[in-house]
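A.B. asks: Supplied structure: entry_21.pdb, PDB, C-alpha atoms, pLDDT in the B column.
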MODEL        1
ATOM      1  CA  MET P   1       2.637  38.055 -10.840  1.00 45.00           C
ATOM      2  CA  ARG P   2       0.041  39.532 -13.254  1.00 45.00           C
ATOM      3  CA  LEU P   3       0.491  43.034 -11.912  1.00 41.00           C
ATOM      4  CA  PHE P   4      -0.570  45.083 -14.900  1.00 40.00           C
ATOM      5  CA  SER P   5      -3.482  42.825 -15.851  1.00 42.00           C
ATOM      6  CA  LEU P   6      -5.117  43.852 -12.588  1.00 38.00           C
ATOM      7  CA  MET P   7      -5.203  47.437 -13.813  1.00 41.00           C
ATOM      8  CA  GLU P   8      -6.940  46.619 -17.100  1.00 43.00           C
ATOM      9  CA  THR P   9     -10.602  47.555 -17.318  1.00 45.00           C
ATOM     10  CA  PRO P  10     -12.623  44.455 -18.232  1.00 46.00           C
ATOM     11  CA  PRO P  11     -16.001  44.556 -19.918  1.00 48.00           C
ATOM     12  CA  ALA P  12     -18.861  45.387 -17.575  1.00 47.00           C
ATOM     13  CA  SER P  13     -20.359  41.970 -18.241  1.00 46.00           C
ATOM     14  CA  SER P  14     -17.171  40.077 -17.369  1.00 45.00           C
ATOM     15  CA  PRO P  15     -17.899  37.272 -14.857  1.00 48.00           C
ATOM     16  CA  ALA P  16     -14.585  38.047 -13.171  1.00 46.00           C
ATOM     17  CA  HIS P  17     -16.018  41.376 -12.005  1.00 48.00           C
ATOM     18  CA  PRO P  18     -19.602  40.707 -11.046  1.00 49.00           C
ATOM     19  CA  ALA P  19     -19.728  43.797  -8.868  1.00 51.00           C
ATOM     20  CA  GLY P  20     -18.698  46.113 -11.722  1.00 57.00           C
ATOM     21  CA  PRO P  21     -16.988  49.413 -10.719  1.00 57.00           C
ATOM     22  CA  ARG P  22     -16.700  48.396  -7.061  1.00 58.00           C
ATOM     23  CA  ALA P  23     -14.598  45.317  -7.926  1.00 55.00           C
ATOM     24  CA  ARG P  24     -12.465  47.292 -10.347  1.00 58.00           C
ATOM     25  CA  HIS P  25     -11.825  49.836  -7.582  1.00 55.00           C
ATOM     26  CA  TRP P  26     -10.424  47.125  -5.313  1.00 55.00           C
ATOM     27  CA  ASP P  27      -8.338  45.673  -8.172  1.00 59.00           C
ATOM     28  CA  ILE P  28      -6.701  49.046  -8.724  1.00 54.00           C
ATOM     29  CA  ARG P  29      -5.999  49.430  -5.004  1.00 58.00           C
ATOM     30  CA  LEU P  30      -4.455  45.951  -4.924  1.00 53.00           C
ATOM     31  CA  ALA P  31      -2.290  46.768  -7.945  1.00 54.00           C
ATOM     32  CA  GLY P  32      -1.111  49.967  -6.262  1.00 54.00           C
ATOM     33  CA  ALA P  33      -0.178  48.062  -3.106  1.00 53.00           C
ATOM     34  CA  CYS P  34       1.793  45.516  -5.147  1.00 54.00           C
ATOM     35  CA  ILE P  35       3.688  48.264  -6.951  1.00 49.00           C
ATOM     36  CA  ALA P  36       4.501  49.990  -3.641  1.00 48.00           C
ATOM     37  CA  LEU P  37       5.751  46.692  -2.208  1.00 49.00           C
ATOM     38  CA  CYS P  38       7.998  46.118  -5.213  1.00 49.00           C
ATOM     39  CA  LEU P  39       9.433  49.631  -4.892  1.00 44.00           C
ATOM     40  CA  VAL P  40      10.173  49.111  -1.186  1.00 41.00           C
ATOM     41  CA  HIS P  41      12.021  45.870  -1.928  1.00 47.00           C
ATOM     42  CA  ALA P  42      13.930  47.519  -4.780  1.00 46.00           C
ATOM     43  CA  GLY P  43      14.987  50.375  -2.484  1.00 48.00           C
ATOM     44  CA  ALA P  44      16.136  47.984   0.223  1.00 45.00           C
ATOM     45  CA  TRP P  45      18.158  46.018  -2.313  1.00 41.00           C
ATOM     46  CA  ALA P  46      19.823  49.177  -3.608  1.00 42.00           C
ATOM     47  CA  GLN P  47      20.691  50.318  -0.079  1.00 45.00           C
ATOM     48  CA  SER P  48      22.215  46.939   0.725  1.00 45.00           C
ATOM     49  CA  GLU P  49      24.884  47.450  -1.915  1.00 43.00           C
ATOM     50  CA  PRO P  50      27.839  49.290  -0.227  1.00 45.00           C
ATOM     51  CA  ALA P  51      28.613  52.380  -2.314  1.00 49.00           C
ATOM     52  CA  ASP P  52      31.798  53.053  -0.379  1.00 50.00           C
ATOM     53  CA  PRO P  53      34.218  50.132   0.183  1.00 51.00           C
ATOM     54  CA  LEU P  54      36.006  51.945   2.989  1.00 54.00           C
ATOM     55  CA  GLU P  55      32.756  52.609   4.875  1.00 55.00           C
ATOM     56  CA  HIS P  56      31.822  48.955   4.349  1.00 56.00           C
ATOM     57  CA  PHE P  57      35.238  47.844   5.628  1.00 55.00           C
ATOM     58  CA  LEU P  58      35.138  50.086   8.693  1.00 53.00           C
ATOM     59  CA  GLY P  59      31.532  49.157   9.404  1.00 53.00           C
ATOM     60  CA  ASN P  60      32.444  45.484   9.531  1.00 52.00           C
ATOM     61  CA  LEU P  61      35.356  45.968  11.928  1.00 45.00           C
ATOM     62  CA  ASN P  62      33.103  45.840  14.990  1.00 42.00           C
ATOM     63  CA  HIS P  63      31.617  42.530  13.883  1.00 43.00           C
ATOM     64  CA  ALA P  64      34.636  40.737  12.429  1.00 42.00           C
ATOM     65  CA  ASP P  65      36.917  38.253  14.125  1.00 42.00           C
ATOM     66  CA  PRO P  66      40.401  39.837  13.733  1.00 39.00           C
ATOM     67  CA  SER P  67      41.889  36.463  12.801  1.00 39.00           C
ATOM     68  CA  VAL P  68      39.453  36.246   9.890  1.00 37.00           C
ATOM     69  CA  LEU P  69      39.851  39.877   8.887  1.00 39.00           C
ATOM     70  CA  TYR P  70      43.619  39.768   8.713  1.00 39.00           C
ATOM     71  CA  SER P  71      43.745  36.430   6.899  1.00 38.00           C
ATOM     72  CA  GLN P  72      42.065  37.865   3.807  1.00 43.00           C
ATOM     73  CA  PRO P  73      44.168  38.947   0.766  1.00 40.00           C
ATOM     74  CA  ARG P  74      45.761  42.346   1.361  1.00 39.00           C
ATOM     75  CA  LEU P  75      45.503  43.481  -2.250  1.00 41.00           C
ATOM     76  CA  THR P  76      41.692  43.362  -2.326  1.00 46.00           C
ATOM     77  CA  PHE P  77      41.148  46.301   0.016  1.00 45.00           C
ATOM     78  CA  ALA P  78      43.742  48.508  -1.719  1.00 41.00           C
ATOM     79  CA  ARG P  79      42.362  47.781  -5.183  1.00 42.00           C
ATOM     80  CA  GLU P  80      38.828  48.627  -4.049  1.00 46.00           C
ATOM     81  CA  MET P  81      40.109  52.112  -3.286  1.00 41.00           C
ATOM     82  CA  ALA P  82      40.785  52.567  -7.053  1.00 35.00           C
ATOM     83  CA  LEU P  83      44.457  53.268  -6.563  1.00 40.00           C
ATOM     84  CA  PRO P  84      46.307  55.257  -9.238  1.00 41.00           C
ATOM     85  CA  ALA P  85      49.152  53.083 -10.493  1.00 39.00           C
ATOM     86  CA  PRO P  86      52.698  54.459 -10.130  1.00 42.00           C
ATOM     87  CA  ALA P  87      54.697  54.687 -13.354  1.00 44.00           C
ATOM     88  CA  THR P  88      56.837  51.646 -12.560  1.00 46.00           C
ATOM     89  CA  PRO P  89      57.010  48.035 -13.816  1.00 46.00           C
ATOM     90  CA  THR P  90      54.028  45.805 -12.962  1.00 51.00           C
ATOM     91  CA  ALA P  91      55.919  43.603 -10.484  1.00 48.00           C
ATOM     92  CA  THR P  92      57.058  46.678  -8.583  1.00 57.00           C
ATOM     93  CA  VAL P  93      53.513  48.070  -8.539  1.00 57.00           C
ATOM     94  CA  GLU P  94      52.177  44.816  -7.108  1.00 61.00           C
ATOM     95  CA  GLU P  95      54.791  44.790  -4.352  1.00 67.00           C
ATOM     96  CA  HIS P  96      54.255  48.488  -3.614  1.00 63.00           C
ATOM     97  CA  VAL P  97      50.467  48.105  -3.341  1.00 65.00           C
ATOM     98  CA  ARG P  98      50.859  44.965  -1.245  1.00 71.00           C
ATOM     99  CA  THR P  99      53.095  46.777   1.245  1.00 76.00           C
ATOM    100  CA  LEU P 100      50.892  49.850   1.543  1.00 77.00           C
ATOM    101  CA  SER P 101      47.667  47.856   1.810  1.00 80.00           C
ATOM    102  CA  GLU P 102      49.321  45.911   4.639  1.00 87.00           C
ATOM    103  CA  VAL P 103      49.967  49.250   6.348  1.00 91.00           C
ATOM    104  CA  VAL P 104      46.314  50.294   5.989  1.00 91.00           C
ATOM    105  CA  LEU P 105      44.927  46.991   7.272  1.00 90.00           C
ATOM    106  CA  THR P 106      47.305  46.997  10.227  1.00 93.00           C
ATOM    107  CA  ALA P 107      46.337  50.609  10.983  1.00 94.00           C
ATOM    108  CA  MET P 108      42.717  49.586  11.492  1.00 92.00           C
ATOM    109  CA  GLY P 109      43.818  47.494  14.445  1.00 92.00           C
ATOM    110  CA  TYR P 110      44.820  50.744  16.203  1.00 95.00           C
ATOM    111  CA  LEU P 111      41.358  52.324  16.051  1.00 95.00           C
ATOM    112  CA  ASP P 112      40.167  53.692  19.407  1.00 94.00           C
ATOM    113  CA  LYS P 113      43.588  53.453  21.048  1.00 95.00           C
ATOM    114  CA  PRO P 114      43.994  56.524  23.279  1.00 96.00           C
ATOM    115  CA  TYR P 115      46.172  59.531  22.531  1.00 97.00           C
ATOM    116  CA  ARG P 116      49.147  59.947  24.824  1.00 96.00           C
ATOM    117  CA  TYR P 117      51.888  62.502  24.358  1.00 95.00           C
ATOM    118  CA  GLY P 118      55.167  60.678  23.776  1.00 94.00           C
ATOM    119  CA  GLY P 119      53.309  57.351  23.644  1.00 93.00           C
ATOM    120  CA  HIS P 120      54.301  54.656  21.173  1.00 87.00           C
ATOM    121  CA  SER P 121      52.805  51.379  22.425  1.00 91.00           C
ATOM    122  CA  MET P 122      49.440  49.621  22.495  1.00 92.00           C
ATOM    123  CA  ASN P 123      49.444  49.634  26.305  1.00 90.00           C
ATOM    124  CA  GLU P 124      50.096  53.308  26.909  1.00 92.00           C
ATOM    125  CA  GLY P 125      48.624  54.836  23.733  1.00 96.00           C
ATOM    126  CA  PHE P 126      50.151  56.969  20.989  1.00 97.00           C
ATOM    127  CA  ASP P 127      50.809  60.484  19.904  1.00 97.00           C
ATOM    128  CA  CYS P 128      50.558  61.120  16.148  1.00 97.00           C
ATOM    129  CA  SER P 129      54.149  60.306  15.192  1.00 97.00           C
ATOM    130  CA  GLY P 130      54.416  57.442  17.700  1.00 97.00           C
ATOM    131  CA  PHE P 131      51.417  55.854  15.987  1.00 97.00           C
ATOM    132  CA  VAL P 132      53.150  56.096  12.602  1.00 97.00           C
ATOM    133  CA  VAL P 133      56.403  54.635  13.971  1.00 97.00           C
ATOM    134  CA  SER P 134      54.620  51.706  15.606  1.00 96.00           C
ATOM    135  CA  LEU P 135      52.443  51.062  12.562  1.00 96.00           C
ATOM    136  CA  PHE P 136      55.290  50.850  10.057  1.00 95.00           C
ATOM    137  CA  GLN P 137      57.384  48.713  12.377  1.00 95.00           C
ATOM    138  CA  ARG P 138      54.554  46.201  12.709  1.00 94.00           C
ATOM    139  CA  ALA P 139      53.362  46.265   9.098  1.00 93.00           C
ATOM    140  CA  THR P 140      56.633  46.491   7.159  1.00 92.00           C
ATOM    141  CA  GLY P 141      59.503  46.156   9.640  1.00 93.00           C
ATOM    142  CA  GLN P 142      60.714  49.664   8.769  1.00 93.00           C
ATOM    143  CA  THR P 143      61.829  52.073  11.491  1.00 95.00           C
ATOM    144  CA  LEU P 144      60.877  55.684  10.869  1.00 97.00           C
ATOM    145  CA  PRO P 145      62.171  58.739  12.778  1.00 97.00           C
ATOM    146  CA  ARG P 146      60.308  59.574  15.974  1.00 96.00           C
ATOM    147  CA  THR P 147      58.889  63.049  15.294  1.00 97.00           C
ATOM    148  CA  ALA P 148      56.498  64.190  12.559  1.00 97.00           C
ATOM    149  CA  ALA P 149      58.970  66.758  11.208  1.00 97.00           C
ATOM    150  CA  GLU P 150      61.723  64.139  11.017  1.00 97.00           C
ATOM    151  CA  GLN P 151      59.363  61.742   9.274  1.00 98.00           C
ATOM    152  CA  ALA P 152      58.584  64.414   6.662  1.00 97.00           C
ATOM    153  CA  ARG P 153      62.289  64.914   5.978  1.00 97.00           C
ATOM    154  CA  ALA P 154      63.037  61.183   5.767  1.00 96.00           C
ATOM    155  CA  THR P 155      60.321  60.271   3.233  1.00 97.00           C
ATOM    156  CA  ARG P 156      59.686  61.015  -0.430  1.00 96.00           C
ATOM    157  CA  THR P 157      57.652  64.120  -1.313  1.00 97.00           C
ATOM    158  CA  ILE P 158      54.599  63.477  -3.509  1.00 97.00           C
ATOM    159  CA  ASN P 159      51.707  65.608  -4.765  1.00 96.00           C
ATOM    160  CA  LYS P 160      48.366  65.423  -3.000  1.00 95.00           C
ATOM    161  CA  GLN P 161      46.846  64.007  -6.198  1.00 95.00           C
ATOM    162  CA  GLU P 162      49.297  61.091  -6.043  1.00 94.00           C
ATOM    163  CA  LEU P 163      48.186  59.896  -2.604  1.00 94.00           C
ATOM    164  CA  ILE P 164      47.423  56.198  -2.243  1.00 91.00           C
ATOM    165  CA  PRO P 165      46.516  54.282   0.928  1.00 91.00           C
ATOM    166  CA  GLY P 166      49.544  53.923   3.185  1.00 93.00           C
ATOM    167  CA  ASP P 167      51.114  57.301   2.355  1.00 95.00           C
ATOM    168  CA  LEU P 168      51.788  59.905   5.050  1.00 98.00           C
ATOM    169  CA  VAL P 169      49.849  63.163   5.274  1.00 98.00           C
ATOM    170  CA  PHE P 170      51.143  66.146   7.258  1.00 98.00           C
ATOM    171  CA  PHE P 171      49.428  69.136   8.833  1.00 98.00           C
ATOM    172  CA  ASN P 172      50.387  72.376  10.556  1.00 97.00           C
ATOM    173  CA  THR P 173      48.394  72.182  13.801  1.00 96.00           C
ATOM    174  CA  MET P 174      50.842  73.924  16.137  1.00 94.00           C
ATOM    175  CA  ARG P 175      51.886  76.922  14.022  1.00 91.00           C
ATOM    176  CA  ARG P 176      54.862  75.075  12.646  1.00 93.00           C
ATOM    177  CA  GLN P 177      55.395  72.967   9.560  1.00 94.00           C
ATOM    178  CA  TYR P 178      54.818  69.204   9.800  1.00 97.00           C
ATOM    179  CA  SER P 179      53.601  69.301  13.403  1.00 97.00           C
ATOM    180  CA  HIS P 180      50.989  66.575  12.843  1.00 98.00           C
ATOM    181  CA  VAL P 181      51.025  63.362  10.792  1.00 98.00           C
ATOM    182  CA  GLY P 182      48.536  60.665   9.803  1.00 98.00           C
ATOM    183  CA  ILE P 183      48.178  57.761   7.383  1.00 97.00           C
ATOM    184  CA  TYR P 184      46.114  58.137   4.220  1.00 96.00           C
ATOM    185  CA  VAL P 185      43.570  55.297   3.912  1.00 93.00           C
ATOM    186  CA  GLY P 186      41.841  56.228   0.646  1.00 92.00           C
ATOM    187  CA  ASP P 187      38.789  58.177  -0.522  1.00 91.00           C
ATOM    188  CA  GLY P 188      40.082  61.437   0.952  1.00 94.00           C
ATOM    189  CA  ARG P 189      40.391  60.083   4.502  1.00 96.00           C
ATOM    190  CA  PHE P 190      43.216  59.465   6.930  1.00 97.00           C
ATOM    191  CA  ILE P 191      43.721  57.692  10.243  1.00 97.00           C
ATOM    192  CA  HIS P 192      45.594  59.468  13.036  1.00 97.00           C
ATOM    193  CA  SER P 193      45.968  60.046  16.745  1.00 97.00           C
ATOM    194  CA  PRO P 194      44.539  63.579  17.060  1.00 96.00           C
ATOM    195  CA  ARG P 195      45.167  65.092  20.487  1.00 94.00           C
ATOM    196  CA  ALA P 196      44.964  64.643  24.260  1.00 94.00           C
ATOM    197  CA  GLY P 197      41.634  63.242  25.395  1.00 95.00           C
ATOM    198  CA  SER P 198      40.878  61.658  22.022  1.00 95.00           C
ATOM    199  CA  LYS P 199      41.418  58.274  20.370  1.00 96.00           C
ATOM    200  CA  ILE P 200      42.870  57.085  17.088  1.00 97.00           C
ATOM    201  CA  ARG P 201      40.212  57.562  14.418  1.00 96.00           C
ATOM    202  CA  VAL P 202      39.530  58.040  10.714  1.00 96.00           C
ATOM    203  CA  GLU P 203      38.663  61.531   9.451  1.00 96.00           C
ATOM    204  CA  ARG P 204      38.083  63.262   6.151  1.00 96.00           C
ATOM    205  CA  MET P 205      40.802  65.522   4.794  1.00 97.00           C
ATOM    206  CA  ASP P 206      38.330  67.772   2.998  1.00 96.00           C
ATOM    207  CA  THR P 207      36.843  69.263   6.169  1.00 97.00           C
ATOM    208  CA  SER P 208      37.607  72.946   6.640  1.00 97.00           C
ATOM    209  CA  TYR P 209      39.940  72.369   9.592  1.00 97.00           C
ATOM    210  CA  TRP P 210      42.219  69.859   7.861  1.00 97.00           C
ATOM    211  CA  GLN P 211      42.113  71.544   4.458  1.00 97.00           C
ATOM    212  CA  LYS P 212      43.470  74.778   5.919  1.00 96.00           C
ATOM    213  CA  ARG P 213      46.261  72.988   7.772  1.00 97.00           C
ATOM    214  CA  PHE P 214      47.365  70.470   5.137  1.00 98.00           C
ATOM    215  CA  ASN P 215      51.159  70.597   4.829  1.00 95.00           C
ATOM    216  CA  GLY P 216      52.029  67.978   2.273  1.00 97.00           C
ATOM    217  CA  ALA P 217      52.156  64.303   1.425  1.00 98.00           C
ATOM    218  CA  ARG P 218      55.003  61.817   1.674  1.00 97.00           C
ATOM    219  CA  ARG P 219      55.654  58.218   0.651  1.00 95.00           C
ATOM    220  CA  VAL P 220      57.673  55.766   2.679  1.00 93.00           C
ATOM    221  CA  VAL P 221      60.080  54.003   0.342  1.00 86.00           C
ATOM    222  CA  ALA P 222      61.641  50.682   1.282  1.00 74.00           C
ATOM    223  CA  ALA P 223      65.378  50.883   1.936  1.00 65.00           C
ATOM    224  CA  GLU P 224      67.416  49.372  -0.885  1.00 56.00           C
ATOM    225  CA  GLY P 225      69.665  46.455  -0.238  1.00 47.00           C
TER     226      GLY P 225
ENDMDL
END
Show the structure stored in the file as structure tokens.

C.D. replies:
Amino acid sequence: MRLFSLMETPPASSPAHPAGPRARHWDIRLAGACIALCLVHAGAWAQSEPADPLEHFLGNLNHADPSVLYSQPRLTFAREMALPAPATPTATVEEHVRTLSEVVLTAMGYLDKPYRYGGHSMNEGFDCSGFVVSLFQRATGQTLPRTAAEQARATRTINKQELIPGDLVFFNTMRRQYSHVGIYVGDGRFIHSPRAGSKIRVERMDTSYWQKRFNGARRVVAAEG
């Protein structure tokens, strides 16, 4: 497309512009319209590229066949979160990431399940710790303690900066330590069962409410032997 040639000013005697200034005026308007159209297409293309892999993943959940979603490689999602690698041999890192990414993917199947105090099943709903127990049993076969405080004591303490998807995050929401628990899913967000009348959802940890109540992070380590 000869976009810029349209903006050139030809000689007044040019046969291509018999009407002189009037024709040149319309050429310039046409060139401007072409440029605007190109910019619109460029903007649409840029917006179509997902800047946030987690948002892209969550956005596709409502449109994806679960059988297709869960058949995809588990490592892809975890690696897209730019996970910091633990200081352990490569084979161990691969297995660790595979396990935790399985936890995160399985957790997404719990979205919108209702909160229920003491609940720990898909039929009745979940409280925060019941959700964690059910999730790890399904994703890894591990059985964690029933309450949030017990889960904090039974898992390995890590720094907040060491969090990777699949780790546990704890909060003081009832004026006592480790009274609420969720699963870190990457990019500063966690999935949890919040409270009565709500449903399992993903939230940001950097909101004022959760920042003030953050209690610590833990990692579930596979039992040896």

A.B. asks: Assuming the chain letters and numbering stay as they are in my file, what does the PyMOL selection byres ((chain P and resi 196) around 12) actually select? List them as a ChimeraX atom specification.

C.D. replies: /P:113-119,125-128,193-195,197-200

A.B. asks: Please evaluate the PyMOL selection byres ((chain P and resi 171-187) around 9) against the structure above and give the resulting residues as a ChimeraX atom specification.

C.D. replies: /P:52,54,78,81-83,101,103-104,107,128-129,131-132,147-152,163-170,188-194,202,204,210-216

A.B. asks: Atom CA of Val221 of chain P to atom CA of Gln142 of chain P: how many Å, to one decimal?

C.D. replies: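 Atom CA of Val221 of chain P sits 9.5 Å away from atom CA of Gln142 of chain P.
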
A.B. asks: So the first atom is atom CA of Arg146 of chain P and the second is atom CA of Met205 of chain P; what is the distance between them in Å, to one decimal place?

C.D. replies: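 Atom CA of Met205 of chain P lies 23.3 Å from atom CA of Arg146 of chain P.
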
A.B. asks: One decimal, in Å: what's the spacing between atom CA of Ala154 of chain P and atom CA of Arg218 of chain P?

C.D. replies: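 Going from atom CA of Ala154 of chain P over to atom CA of Arg218 of chain P, I get 9.0 Å.
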
A.B. asks: Please enclose the listed atoms of segment 186-191 of chain P in an axis-aligned box, pad each side by 4 Å, and write out the centre and the three edge lengths in Å, rounded to one decimal, as lines of an AutoDock Vina configuration file.

C.D. replies:
center_x = 41.3
center_y = 58.8
center_z = 4.9
size_x = 12.9
size_y = 13.2
size_z = 18.8

A.B. asks: Would you mind listing what lies within 9 Å of Met108 of chain P as a list in words, with all atoms listed in the file counted and same-chain residues fewer than 2 positions away left out?

C.D. replies: Leu58, Leu61, Val103, Val104, Leu105, Thr106, Tyr110, Leu111, Ile191 and Arg201 of chain P

A.B. asks: Next, the residues of the selection above should be written as a short mmCIF file (atom, residue, chain, number, x, y, z; two decimals), in the coordinates of the input with C-alpha atoms.

C.D. replies:
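File written: result22.cif
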data_model
loop_
_atom_site.label_atom_id
_atom_site.label_comp_id
_atom_site.auth_asym_id
_atom_site.auth_seq_id
_atom_site.Cartn_x
_atom_site.Cartn_y
_atom_site.Cartn_z
CA LEU P 58 35.14 50.09 8.69
CA LEU P 61 35.36 45.97 11.93
CA VAL P 103 49.97 49.25 6.35
CA VAL P 104 46.31 50.29 5.99
CA LEU P 105 44.93 46.99 7.27
CA THR P 106 47.30 47.00 10.23
CA TYR P 110 44.82 50.74 16.20
CA LEU P 111 41.36 52.32 16.05
CA ILE P 191 43.72 57.69 10.24
CA ARG P 201 40.21 57.56 14.42
#

A.B. asks: From the set P:Ala217, P:Arg138, P:Ser208, P:Thr99, which residue has the shortest atom-to-atom contact distance to Ile158 of chain P, counting all atoms listed in the file?

C.D. replies: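 Nearest candidate to Ile158 of chain P out of P:Ala217, P:Arg138, P:Ser208, P:Thr99: P:Ala217.
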
A.B. asks: Just segment 182-206 of chain P from the block, C-alpha atoms, as a PDB file, in the first residue's frame, could you?

C.D. replies:
ATOM      1  CA  GLY P 182      -5.395 -20.515  50.933  1.00  0.00           C
ATOM      2  CA  ILE P 183      -3.316 -21.819  48.035  1.00  0.00           C
ATOM      3  CA  TYR P 184      -0.875 -19.534  46.239  1.00  0.00           C
ATOM      4  CA  VAL P 185      -1.446 -19.639  42.458  1.00  0.00           C
ATOM      5  CA  GLY P 186       1.216 -17.190  41.258  1.00  0.00           C
ATOM      6  CA  ASP P 187       1.533 -13.491  40.423  1.00  0.00           C
ATOM      7  CA  GLY P 188       0.646 -12.429  43.966  1.00  0.00           C
ATOM      8  CA  ARG P 189      -2.718 -14.221  44.004  1.00  0.00           C
ATOM      9  CA  PHE P 190      -4.247 -17.074  45.948  1.00  0.00           C
ATOM     10  CA  ILE P 191      -7.346 -19.249  45.756  1.00  0.00           C
ATOM     11  CA  HIS P 192      -9.393 -19.854  48.903  1.00  0.00           C
ATOM     12  CA  SER P 193     -12.804 -20.393  50.422  1.00  0.00           C
ATOM     13  CA  PRO P 194     -13.361 -17.018  52.130  1.00  0.00           C
ATOM     14  CA  ARG P 195     -16.387 -17.042  54.426  1.00  0.00           C
ATOM     15  CA  ALA P 196     -20.073 -17.893  54.840  1.00  0.00           C
ATOM     16  CA  GLY P 197     -22.187 -16.718  51.927  1.00  0.00           C
ATOM     17  CA  SER P 198     -19.254 -16.661  49.508  1.00  0.00           C
ATOM     18  CA  LYS P 199     -17.669 -19.066  47.022  1.00  0.00           C
ATOM     19  CA  ILE P 200     -14.164 -20.309  46.343  1.00  0.00           C
ATOM     20  CA  ARG P 201     -12.362 -17.627  44.350  1.00  0.00           C
ATOM     21  CA  VAL P 202      -8.998 -16.145  43.399  1.00  0.00           C
ATOM     22  CA  GLU P 203      -7.886 -12.908  45.077  1.00  0.00           C
ATOM     23  CA  ARG P 204      -4.822 -10.712  45.194  1.00  0.00           C
ATOM     24  CA  MET P 205      -2.634 -10.827  48.283  1.00  0.00           C
ATOM     25  CA  ASP P 206      -1.534  -7.216  47.897  1.00  0.00           C
TER      26      ASP P 206
END
